[in-house]
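So this block is target21.txt, compact mmCIF, N, CA and C atoms and all ligand atoms:
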# COMPACT_ATOMS: atom_id res chain seq x y z
N MET A 36 14.14 31.50 -84.11
CA MET A 36 13.55 31.35 -82.77
C MET A 36 14.55 31.82 -81.70
N ALA A 37 14.04 32.38 -80.63
CA ALA A 37 14.92 32.86 -79.55
C ALA A 37 15.63 31.68 -78.89
N ASP A 38 16.81 31.96 -78.33
CA ASP A 38 17.53 30.93 -77.58
C ASP A 38 16.76 30.61 -76.30
N ASN A 39 17.10 29.49 -75.70
CA ASN A 39 16.52 29.17 -74.40
C ASN A 39 17.11 30.09 -73.32
N ILE A 40 16.34 30.25 -72.25
CA ILE A 40 16.86 30.92 -71.08
C ILE A 40 17.04 29.87 -69.99
N ARG A 41 17.83 30.21 -69.00
CA ARG A 41 18.09 29.29 -67.90
C ARG A 41 17.12 29.61 -66.77
N LEU A 42 16.41 28.61 -66.28
CA LEU A 42 15.49 28.83 -65.15
C LEU A 42 16.03 28.09 -63.93
N GLU A 43 16.17 28.83 -62.84
CA GLU A 43 16.58 28.23 -61.57
C GLU A 43 15.53 28.60 -60.52
N VAL A 44 14.97 27.59 -59.86
CA VAL A 44 14.07 27.84 -58.73
C VAL A 44 14.67 27.13 -57.52
N VAL A 45 14.99 27.91 -56.50
CA VAL A 45 15.75 27.39 -55.36
C VAL A 45 15.04 27.76 -54.07
N THR A 46 14.99 26.81 -53.12
CA THR A 46 14.49 27.11 -51.77
C THR A 46 15.64 26.87 -50.79
N PRO A 47 15.46 27.21 -49.52
CA PRO A 47 16.54 26.92 -48.56
C PRO A 47 16.86 25.43 -48.49
N GLU A 48 15.91 24.59 -48.87
CA GLU A 48 16.11 23.14 -48.76
C GLU A 48 16.67 22.49 -50.00
N LYS A 49 16.27 23.02 -51.19
CA LYS A 49 16.65 22.27 -52.38
C LYS A 49 16.60 23.11 -53.65
N ILE A 50 17.25 22.56 -54.68
CA ILE A 50 17.11 23.12 -56.03
C ILE A 50 15.89 22.44 -56.64
N VAL A 51 14.86 23.23 -56.92
CA VAL A 51 13.60 22.65 -57.41
C VAL A 51 13.63 22.54 -58.93
N VAL A 52 14.13 23.57 -59.59
CA VAL A 52 14.24 23.57 -61.05
C VAL A 52 15.61 24.13 -61.41
N SER A 53 16.27 23.50 -62.36
CA SER A 53 17.50 24.03 -62.93
C SER A 53 17.57 23.50 -64.36
N GLU A 54 16.98 24.24 -65.28
CA GLU A 54 16.95 23.74 -66.65
C GLU A 54 16.70 24.86 -67.66
N ALA A 55 16.86 24.52 -68.91
CA ALA A 55 16.63 25.47 -69.98
C ALA A 55 15.13 25.60 -70.24
N ALA A 56 14.69 26.82 -70.55
CA ALA A 56 13.27 27.05 -70.82
C ALA A 56 13.13 27.97 -72.03
N GLN A 57 12.04 27.78 -72.77
CA GLN A 57 11.78 28.64 -73.93
C GLN A 57 11.13 29.95 -73.49
N ILE A 58 10.25 29.84 -72.49
CA ILE A 58 9.57 31.01 -71.93
C ILE A 58 9.20 30.70 -70.49
N VAL A 59 9.22 31.72 -69.63
CA VAL A 59 8.87 31.55 -68.22
C VAL A 59 7.83 32.60 -67.86
N MET A 60 6.72 32.17 -67.24
CA MET A 60 5.69 33.09 -66.74
C MET A 60 5.70 33.01 -65.22
N SER A 61 5.78 34.16 -64.55
CA SER A 61 5.89 34.16 -63.09
C SER A 61 4.87 35.09 -62.46
N PRO A 62 4.42 34.75 -61.24
CA PRO A 62 3.41 35.56 -60.55
C PRO A 62 4.04 36.72 -59.77
N GLY A 63 4.44 37.76 -60.48
CA GLY A 63 5.05 38.92 -59.83
C GLY A 63 4.05 39.65 -58.94
N SER A 64 4.57 40.31 -57.90
CA SER A 64 3.69 41.07 -57.00
C SER A 64 2.89 42.12 -57.75
N GLU A 65 3.49 42.68 -58.80
CA GLU A 65 2.82 43.73 -59.58
C GLU A 65 2.05 43.14 -60.75
N GLY A 66 1.97 41.81 -60.79
CA GLY A 66 1.25 41.16 -61.88
C GLY A 66 2.09 40.10 -62.56
N GLU A 67 1.42 39.24 -63.27
CA GLU A 67 2.08 38.15 -64.00
C GLU A 67 3.07 38.72 -65.01
N PHE A 68 4.25 38.14 -65.09
CA PHE A 68 5.18 38.59 -66.13
C PHE A 68 5.81 37.40 -66.84
N GLY A 69 6.13 37.64 -68.10
CA GLY A 69 6.75 36.60 -68.92
C GLY A 69 8.17 37.00 -69.27
N VAL A 70 9.04 36.02 -69.35
CA VAL A 70 10.43 36.28 -69.71
C VAL A 70 10.82 35.41 -70.90
N LEU A 71 11.26 36.06 -71.94
CA LEU A 71 11.85 35.40 -73.10
C LEU A 71 13.30 35.83 -73.16
N ASP A 72 14.09 35.13 -73.98
CA ASP A 72 15.50 35.49 -74.12
C ASP A 72 15.65 36.95 -74.54
N GLY A 73 16.58 37.65 -73.92
CA GLY A 73 16.96 38.98 -74.39
C GLY A 73 16.21 40.15 -73.81
N HIS A 74 15.43 39.92 -72.75
CA HIS A 74 14.66 41.04 -72.18
C HIS A 74 15.53 41.92 -71.26
N THR A 75 14.97 43.00 -70.83
CA THR A 75 15.66 43.92 -69.91
C THR A 75 15.72 43.31 -68.50
N PRO A 76 16.84 43.42 -67.81
CA PRO A 76 16.95 42.86 -66.45
C PRO A 76 16.01 43.54 -65.45
N PHE A 77 15.48 42.78 -64.54
CA PHE A 77 14.72 43.39 -63.45
C PHE A 77 14.63 42.42 -62.27
N LEU A 78 14.21 42.99 -61.13
CA LEU A 78 14.11 42.23 -59.88
C LEU A 78 12.71 42.48 -59.32
N THR A 79 12.03 41.43 -58.85
CA THR A 79 10.69 41.63 -58.30
C THR A 79 10.39 40.58 -57.24
N THR A 80 9.53 40.94 -56.32
CA THR A 80 9.00 39.92 -55.40
C THR A 80 7.87 39.18 -56.12
N LEU A 81 7.56 37.99 -55.60
CA LEU A 81 6.51 37.17 -56.21
C LEU A 81 5.36 36.98 -55.24
N LYS A 82 4.17 36.79 -55.79
CA LYS A 82 3.02 36.38 -54.98
C LYS A 82 3.08 34.86 -54.81
N THR A 83 2.34 34.37 -53.84
CA THR A 83 2.10 32.93 -53.80
C THR A 83 1.37 32.60 -55.09
N GLY A 84 1.90 31.68 -55.85
CA GLY A 84 1.28 31.40 -57.15
C GLY A 84 1.98 30.30 -57.90
N MET A 85 1.87 30.39 -59.20
CA MET A 85 2.35 29.33 -60.08
C MET A 85 3.32 29.91 -61.10
N ILE A 86 4.50 29.30 -61.18
CA ILE A 86 5.43 29.60 -62.27
C ILE A 86 5.12 28.60 -63.38
N ARG A 87 4.91 29.10 -64.59
CA ARG A 87 4.70 28.20 -65.72
C ARG A 87 5.84 28.42 -66.69
N TYR A 88 6.33 27.35 -67.27
CA TYR A 88 7.37 27.53 -68.28
C TYR A 88 7.29 26.42 -69.31
N LYS A 89 7.86 26.69 -70.47
CA LYS A 89 8.03 25.65 -71.49
C LYS A 89 9.46 25.18 -71.43
N ASP A 90 9.66 23.90 -71.25
CA ASP A 90 11.03 23.40 -71.22
C ASP A 90 11.61 23.38 -72.63
N SER A 91 12.85 22.89 -72.77
CA SER A 91 13.53 23.00 -74.07
C SER A 91 12.84 22.18 -75.16
N THR A 92 12.01 21.20 -74.76
CA THR A 92 11.28 20.40 -75.76
C THR A 92 9.92 21.03 -76.07
N GLY A 93 9.56 22.09 -75.34
CA GLY A 93 8.27 22.74 -75.56
C GLY A 93 7.18 22.23 -74.62
N ALA A 94 7.52 21.26 -73.74
CA ALA A 94 6.52 20.74 -72.78
C ALA A 94 6.24 21.80 -71.72
N GLU A 95 4.95 21.95 -71.35
CA GLU A 95 4.55 22.95 -70.35
C GLU A 95 4.73 22.39 -68.94
N ARG A 96 5.34 23.17 -68.09
CA ARG A 96 5.60 22.77 -66.71
C ARG A 96 4.99 23.79 -65.76
N ALA A 97 4.57 23.31 -64.57
CA ALA A 97 4.00 24.20 -63.57
C ALA A 97 4.68 23.95 -62.23
N VAL A 98 4.99 25.03 -61.53
CA VAL A 98 5.69 24.94 -60.24
C VAL A 98 4.98 25.86 -59.25
N PHE A 99 4.65 25.33 -58.08
CA PHE A 99 4.11 26.15 -57.01
C PHE A 99 5.24 26.95 -56.39
N VAL A 100 4.95 28.22 -56.06
CA VAL A 100 5.98 29.03 -55.40
C VAL A 100 5.32 29.94 -54.35
N SER A 101 6.01 30.11 -53.22
CA SER A 101 5.49 30.97 -52.16
C SER A 101 6.65 31.67 -51.46
N GLY A 102 6.46 32.94 -51.15
CA GLY A 102 7.48 33.69 -50.43
C GLY A 102 8.75 33.89 -51.22
N GLY A 103 8.60 34.30 -52.46
CA GLY A 103 9.78 34.35 -53.31
C GLY A 103 10.06 35.69 -53.95
N PHE A 104 11.27 35.80 -54.51
CA PHE A 104 11.53 36.90 -55.43
C PHE A 104 12.30 36.38 -56.62
N ALA A 105 12.22 37.12 -57.70
CA ALA A 105 12.82 36.68 -58.96
C ALA A 105 13.77 37.74 -59.47
N GLU A 106 14.93 37.27 -59.94
CA GLU A 106 15.85 38.13 -60.66
C GLU A 106 15.82 37.66 -62.11
N ALA A 107 15.44 38.57 -63.01
CA ALA A 107 15.40 38.22 -64.42
C ALA A 107 16.54 38.94 -65.13
N LEU A 108 17.49 38.18 -65.65
CA LEU A 108 18.60 38.71 -66.45
C LEU A 108 18.31 38.35 -67.91
N PRO A 109 19.04 38.93 -68.87
CA PRO A 109 18.69 38.68 -70.28
C PRO A 109 18.62 37.20 -70.65
N ASP A 110 19.45 36.37 -70.02
CA ASP A 110 19.47 34.96 -70.42
C ASP A 110 19.11 34.00 -69.29
N ARG A 111 18.62 34.54 -68.17
CA ARG A 111 18.25 33.64 -67.07
C ARG A 111 17.24 34.25 -66.11
N VAL A 112 16.47 33.36 -65.46
CA VAL A 112 15.55 33.76 -64.40
C VAL A 112 15.92 32.95 -63.17
N THR A 113 16.19 33.64 -62.07
CA THR A 113 16.50 32.96 -60.82
C THR A 113 15.41 33.30 -59.81
N VAL A 114 14.78 32.26 -59.25
CA VAL A 114 13.75 32.46 -58.24
C VAL A 114 14.25 31.89 -56.93
N LEU A 115 14.26 32.70 -55.89
CA LEU A 115 14.56 32.24 -54.54
C LEU A 115 13.25 32.29 -53.77
N ALA A 116 12.86 31.18 -53.16
CA ALA A 116 11.54 31.13 -52.53
C ALA A 116 11.60 30.40 -51.20
N GLU A 117 10.65 30.71 -50.32
CA GLU A 117 10.56 29.97 -49.07
C GLU A 117 10.14 28.54 -49.33
N SER A 118 9.14 28.37 -50.20
CA SER A 118 8.78 27.01 -50.59
C SER A 118 8.40 26.96 -52.06
N ALA A 119 8.70 25.84 -52.67
CA ALA A 119 8.39 25.62 -54.08
C ALA A 119 8.35 24.13 -54.34
N GLU A 120 7.42 23.70 -55.16
CA GLU A 120 7.37 22.30 -55.58
C GLU A 120 6.93 22.23 -57.03
N ARG A 121 7.55 21.32 -57.75
CA ARG A 121 7.05 21.00 -59.08
C ARG A 121 5.66 20.37 -58.94
N ARG A 122 4.84 20.55 -59.94
CA ARG A 122 3.47 20.04 -59.92
C ARG A 122 3.42 18.58 -59.47
N LYS A 123 4.29 17.76 -60.03
CA LYS A 123 4.25 16.31 -59.75
C LYS A 123 4.65 15.99 -58.31
N ASP A 124 5.32 16.94 -57.63
CA ASP A 124 5.78 16.69 -56.26
C ASP A 124 4.82 17.21 -55.20
N ILE A 125 3.71 17.80 -55.65
CA ILE A 125 2.75 18.33 -54.68
C ILE A 125 1.92 17.17 -54.12
N ASN A 126 1.88 17.10 -52.80
CA ASN A 126 1.11 16.07 -52.11
C ASN A 126 -0.30 16.62 -51.88
N VAL A 127 -1.26 16.04 -52.62
CA VAL A 127 -2.63 16.56 -52.61
C VAL A 127 -3.28 16.39 -51.24
N ASP A 128 -3.07 15.23 -50.63
CA ASP A 128 -3.68 15.00 -49.31
C ASP A 128 -3.16 15.99 -48.27
N ARG A 129 -1.86 16.26 -48.36
CA ARG A 129 -1.27 17.24 -47.42
C ARG A 129 -1.86 18.62 -47.66
N ALA A 130 -2.01 19.02 -48.91
CA ALA A 130 -2.58 20.34 -49.20
C ALA A 130 -4.05 20.42 -48.75
N LYS A 131 -4.79 19.32 -48.93
CA LYS A 131 -6.20 19.31 -48.49
C LYS A 131 -6.28 19.41 -46.96
N ALA A 132 -5.37 18.74 -46.29
CA ALA A 132 -5.35 18.80 -44.82
C ALA A 132 -4.99 20.21 -44.35
N ALA A 133 -4.02 20.82 -45.03
CA ALA A 133 -3.62 22.20 -44.68
C ALA A 133 -4.78 23.16 -44.93
N LEU A 134 -5.51 22.93 -46.01
CA LEU A 134 -6.68 23.77 -46.34
C LEU A 134 -7.74 23.66 -45.24
N ALA A 135 -8.04 22.42 -44.83
CA ALA A 135 -9.05 22.21 -43.79
C ALA A 135 -8.62 22.86 -42.47
N ARG A 136 -7.36 22.71 -42.15
CA ARG A 136 -6.82 23.30 -40.91
C ARG A 136 -6.95 24.82 -40.93
N ALA A 137 -6.59 25.39 -42.07
CA ALA A 137 -6.65 26.86 -42.19
C ALA A 137 -8.10 27.35 -42.12
N GLU A 138 -8.99 26.64 -42.77
CA GLU A 138 -10.41 27.04 -42.74
C GLU A 138 -10.95 26.98 -41.31
N ASP A 139 -10.54 25.93 -40.62
CA ASP A 139 -10.96 25.76 -39.24
C ASP A 139 -10.46 26.93 -38.38
N ARG A 140 -9.21 27.29 -38.58
CA ARG A 140 -8.63 28.41 -37.80
C ARG A 140 -9.31 29.73 -38.11
N ILE A 141 -9.61 29.93 -39.38
CA ILE A 141 -10.27 31.19 -39.77
C ILE A 141 -11.70 31.21 -39.19
N GLY A 142 -12.34 30.05 -39.19
CA GLY A 142 -13.70 29.94 -38.64
C GLY A 142 -13.76 30.25 -37.16
N LYS A 143 -12.69 29.91 -36.46
CA LYS A 143 -12.64 30.14 -35.00
C LYS A 143 -11.97 31.46 -34.66
N SER A 144 -11.77 32.29 -35.67
CA SER A 144 -10.88 33.45 -35.50
C SER A 144 -11.44 34.55 -34.61
N LEU A 145 -12.74 34.52 -34.30
CA LEU A 145 -13.31 35.59 -33.47
C LEU A 145 -12.60 35.70 -32.14
N SER A 146 -12.23 34.53 -31.61
CA SER A 146 -11.57 34.54 -30.29
C SER A 146 -10.05 34.66 -30.41
N ASP A 147 -9.54 34.57 -31.63
CA ASP A 147 -8.09 34.57 -31.83
C ASP A 147 -7.57 35.97 -32.11
N ASN A 148 -6.26 36.09 -32.08
CA ASN A 148 -5.71 37.40 -32.43
C ASN A 148 -5.49 37.51 -33.94
N GLU A 149 -5.24 38.74 -34.36
CA GLU A 149 -5.19 39.05 -35.78
C GLU A 149 -4.05 38.34 -36.52
N ILE A 150 -2.94 38.20 -35.80
CA ILE A 150 -1.77 37.57 -36.44
C ILE A 150 -2.10 36.14 -36.85
N ASP A 151 -2.84 35.44 -35.99
CA ASP A 151 -3.20 34.07 -36.32
C ASP A 151 -4.08 34.02 -37.56
N VAL A 152 -4.96 35.00 -37.68
CA VAL A 152 -5.85 35.03 -38.85
C VAL A 152 -5.04 35.30 -40.11
N VAL A 153 -4.11 36.23 -40.03
CA VAL A 153 -3.25 36.52 -41.19
C VAL A 153 -2.47 35.26 -41.57
N ARG A 154 -1.95 34.58 -40.58
CA ARG A 154 -1.19 33.35 -40.87
C ARG A 154 -2.09 32.29 -41.47
N ALA A 155 -3.29 32.15 -40.91
CA ALA A 155 -4.22 31.13 -41.42
C ALA A 155 -4.63 31.45 -42.86
N LYS A 156 -4.82 32.74 -43.15
CA LYS A 156 -5.19 33.12 -44.52
C LYS A 156 -4.05 32.84 -45.49
N ALA A 157 -2.82 33.09 -45.05
CA ALA A 157 -1.67 32.81 -45.91
C ALA A 157 -1.55 31.30 -46.16
N ALA A 158 -1.80 30.52 -45.10
CA ALA A 158 -1.75 29.05 -45.25
C ALA A 158 -2.86 28.57 -46.18
N LEU A 159 -4.04 29.20 -46.04
CA LEU A 159 -5.17 28.86 -46.92
C LEU A 159 -4.81 29.13 -48.37
N LEU A 160 -4.20 30.27 -48.61
CA LEU A 160 -3.82 30.63 -49.98
C LEU A 160 -2.79 29.65 -50.53
N ARG A 161 -1.82 29.26 -49.71
CA ARG A 161 -0.82 28.28 -50.18
C ARG A 161 -1.50 26.97 -50.56
N ALA A 162 -2.39 26.51 -49.67
CA ALA A 162 -3.05 25.21 -49.92
C ALA A 162 -3.93 25.28 -51.18
N MET A 163 -4.69 26.35 -51.32
CA MET A 163 -5.57 26.47 -52.50
C MET A 163 -4.73 26.57 -53.77
N THR A 164 -3.62 27.31 -53.68
CA THR A 164 -2.77 27.46 -54.86
C THR A 164 -2.13 26.14 -55.24
N ARG A 165 -1.67 25.38 -54.23
CA ARG A 165 -1.10 24.05 -54.54
C ARG A 165 -2.14 23.18 -55.25
N LEU A 166 -3.37 23.21 -54.75
CA LEU A 166 -4.40 22.37 -55.37
C LEU A 166 -4.71 22.86 -56.79
N SER A 167 -4.64 24.16 -57.02
CA SER A 167 -4.90 24.65 -58.38
C SER A 167 -3.73 24.31 -59.31
N VAL A 168 -2.50 24.32 -58.78
CA VAL A 168 -1.35 23.92 -59.63
C VAL A 168 -1.50 22.46 -60.06
N VAL A 169 -1.95 21.61 -59.12
CA VAL A 169 -2.15 20.19 -59.44
C VAL A 169 -3.17 20.03 -60.56
N GLN A 170 -4.16 20.91 -60.59
CA GLN A 170 -5.24 20.77 -61.58
C GLN A 170 -4.90 21.33 -62.95
N THR A 171 -3.78 22.07 -63.07
CA THR A 171 -3.42 22.55 -64.41
C THR A 171 -2.98 21.35 -65.23
N ARG A 172 -3.21 21.39 -66.53
CA ARG A 172 -2.87 20.23 -67.35
C ARG A 172 -1.36 20.19 -67.64
P1 LIG B 201 1.82 22.38 -44.29
O1 LIG B 201 0.91 23.00 -43.27
O2 LIG B 201 1.25 21.15 -44.91
O3 LIG B 201 3.25 22.23 -43.83
P2 LIG B 201 2.56 24.85 -45.52
O4 LIG B 201 1.91 25.66 -46.60
O5 LIG B 201 2.60 25.47 -44.18
O6 LIG B 201 1.86 23.43 -45.51
P3 LIG B 201 5.21 25.47 -46.36
O7 LIG B 201 5.66 26.23 -45.15
O8 LIG B 201 4.85 26.24 -47.60
O9 LIG B 201 4.04 24.46 -45.97
O10 LIG B 201 6.34 24.43 -46.79
C1 LIG B 201 7.11 23.67 -45.85
C2 LIG B 201 7.82 22.56 -46.61
O11 LIG B 201 6.88 21.53 -46.95
C3 LIG B 201 8.42 23.00 -47.95
O12 LIG B 201 9.58 22.24 -48.20
C4 LIG B 201 7.34 22.66 -48.97
O13 LIG B 201 7.91 22.42 -50.25
C5 LIG B 201 6.75 21.40 -48.37
N1 LIG B 201 5.31 21.23 -48.65
C6 LIG B 201 4.29 21.84 -48.03
N2 LIG B 201 3.10 21.41 -48.49
C7 LIG B 201 3.37 20.49 -49.45
C8 LIG B 201 2.58 19.69 -50.31
N3 LIG B 201 1.23 19.72 -50.28
N4 LIG B 201 3.20 18.85 -51.15
C9 LIG B 201 4.55 18.79 -51.19
N5 LIG B 201 5.37 19.51 -50.42
C10 LIG B 201 4.79 20.37 -49.55

Give the structure from this file in C-alpha cells form.
Ligand code: ATP
Amino acid sequence: MADNIRLEVVTPEKIVVSEAAQIVMSPGSEGEFGVLDGHTPFLTTLKTGMIRYKDSTGAERAVFVSGGFAEALPDRVTVLAESAERRKDINVDRAKAALARAEDRIGKSLSDNEIDVVRAKAALLRAMTRLSVVQTR
C-alpha cells in the first residue's frame, strides 16, 4: 500500500487540517483531482467546494474550502484558502442565514450594480456548498 501523504489546509486565521491522509480529493479550477503518494508535483487554484480525504485510519473526512490554491508535492498537499472549515465545524444556521441573505440580494439585484450581484452569487455558492458539505456522510 502507498505511504500516507501529509495534508495541510491553512487560512489566514487558522490551521484547519494538518494530518496524514491516504488519499486527498480536491476541487481544482480545472476539475476535481486526486492525490496519492508519489504523484507529479503541480500547483492549481481551487473552486469553492469540498476537499475529501481519507485519514490514516481510512475514515472519510470532508472540508469546505473557498478562495484557495493547492500545491501538490509527491508526499504532501498544501492548501491555502480564504476560508475553510471541517465538516463538523460548519455552523448550519449561519450558512442558512447567509443563503437567505444572498438570495434576497440577488432577488433585488435589478436596482443594484453588477459587483453586488457577483458578490451575492459568490456568497450564495459558499452557503450552498457549506450546506452540501454538512450533508455528506
Ligand atoms: P457569512 O456571511 O456567514 O460570514 P461568508 O461565506 O461570507 O459567510 P466567509 O467570508 O467565507 O463567510 O468566512 C469568514 C469566516 O467565517 C471564516 O473564518 C469562515 O471559516 C467562517 N465561517 C463562515 N461561515 C461559516 C459557517 N457557516 N460555519 C462556520 N464557520 C463559518

### Query
Residues at most 6 Å from ligand LIG 201 (chain B), using only N, CA and C atoms and all ligand atoms? Could they come as an MDAnalysis selection string?
chainID A and resid 117:120 124:127 129:130 133 158 161:162

Could you write those residues out with N, CA and C atoms, as a CSV table (one decimal), keeping the file's coordinate frame?
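out_28.csv was written with the following content:
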chain,number,residue,atom,x,y,z
A,117,GLU,N,10.6,30.7,-50.3
A,117,GLU,CA,10.6,30.0,-49.1
A,117,GLU,C,10.1,28.5,-49.3
A,118,SER,N,9.1,28.4,-50.2
A,118,SER,CA,8.8,27.0,-50.6
A,118,SER,C,8.4,27.0,-52.1
A,119,ALA,N,8.7,25.8,-52.7
A,119,ALA,CA,8.4,25.6,-54.1
A,119,ALA,C,8.4,24.1,-54.3
A,120,GLU,N,7.4,23.7,-55.2
A,120,GLU,CA,7.4,22.3,-55.6
A,120,GLU,C,6.9,22.2,-57.0
A,124,ASP,N,5.3,16.9,-57.6
A,124,ASP,CA,5.8,16.7,-56.3
A,124,ASP,C,4.8,17.2,-55.2
A,125,ILE,N,3.7,17.8,-55.6
A,125,ILE,CA,2.8,18.3,-54.7
A,125,ILE,C,1.9,17.2,-54.1
A,126,ASN,N,1.9,17.1,-52.8
A,126,ASN,CA,1.1,16.1,-52.1
A,126,ASN,C,-0.3,16.6,-51.9
A,127,VAL,N,-1.3,16.0,-52.6
A,127,VAL,CA,-2.6,16.6,-52.6
A,127,VAL,C,-3.3,16.4,-51.2
A,129,ARG,N,-1.9,16.3,-48.4
A,129,ARG,CA,-1.3,17.2,-47.4
A,129,ARG,C,-1.9,18.6,-47.7
A,130,ALA,N,-2.0,19.0,-48.9
A,130,ALA,CA,-2.6,20.3,-49.2
A,130,ALA,C,-4.0,20.4,-48.8
A,133,ALA,N,-4.0,20.8,-45.0
A,133,ALA,CA,-3.6,22.2,-44.7
A,133,ALA,C,-4.8,23.2,-44.9
A,158,ALA,N,-1.8,30.5,-45.1
A,158,ALA,CA,-1.8,29.0,-45.2
A,158,ALA,C,-2.9,28.6,-46.2
A,161,ARG,N,-1.8,29.3,-49.7
A,161,ARG,CA,-0.8,28.3,-50.2
A,161,ARG,C,-1.5,27.0,-50.6
A,162,ALA,N,-2.4,26.5,-49.7
A,162,ALA,CA,-3.0,25.2,-49.9
A,162,ALA,C,-3.9,25.3,-51.2

### Message
I'd like the neighbourhood of region 62-78 of chain A as a list in words, where a residue qualifies if any of its atoms comes within 8 Å (using only N, CA and C atoms), though same-chain residues fewer than 2 positions away should be ignored.
### Response
Ala37, Asp38, Asn39, Ile40, Arg41, Ala56, Gln57, Ile58, Val59, Met60, Thr80, Leu81, Lys82, Thr83, Gly84, Met85, Ile86, Arg87, Phe104, Ala105, Glu106, Ala107, Leu108, Pro109, Asp110, Arg111 and Val112 of chain A

### Of the listed residues A:Leu134, A:Ile141, A:Ala97, A:Ile50, that which approaches Arg172 (chain A) most closely, counting all atoms listed in the file
A:Ala97

### Query
Would you give me, as an MDAnalysis selection string, the residues in region 36-171 of chain A that DSSP reads as strand (DSSP E)?
chainID A and resid 40:45 50:63 66:70 77:80 84:90 95:108 111:121

### Straight-line distance linking atom N of Leu115 (chain A) with CA of Gln170 (chain A), stated in Å to one decimal
23.6 Å
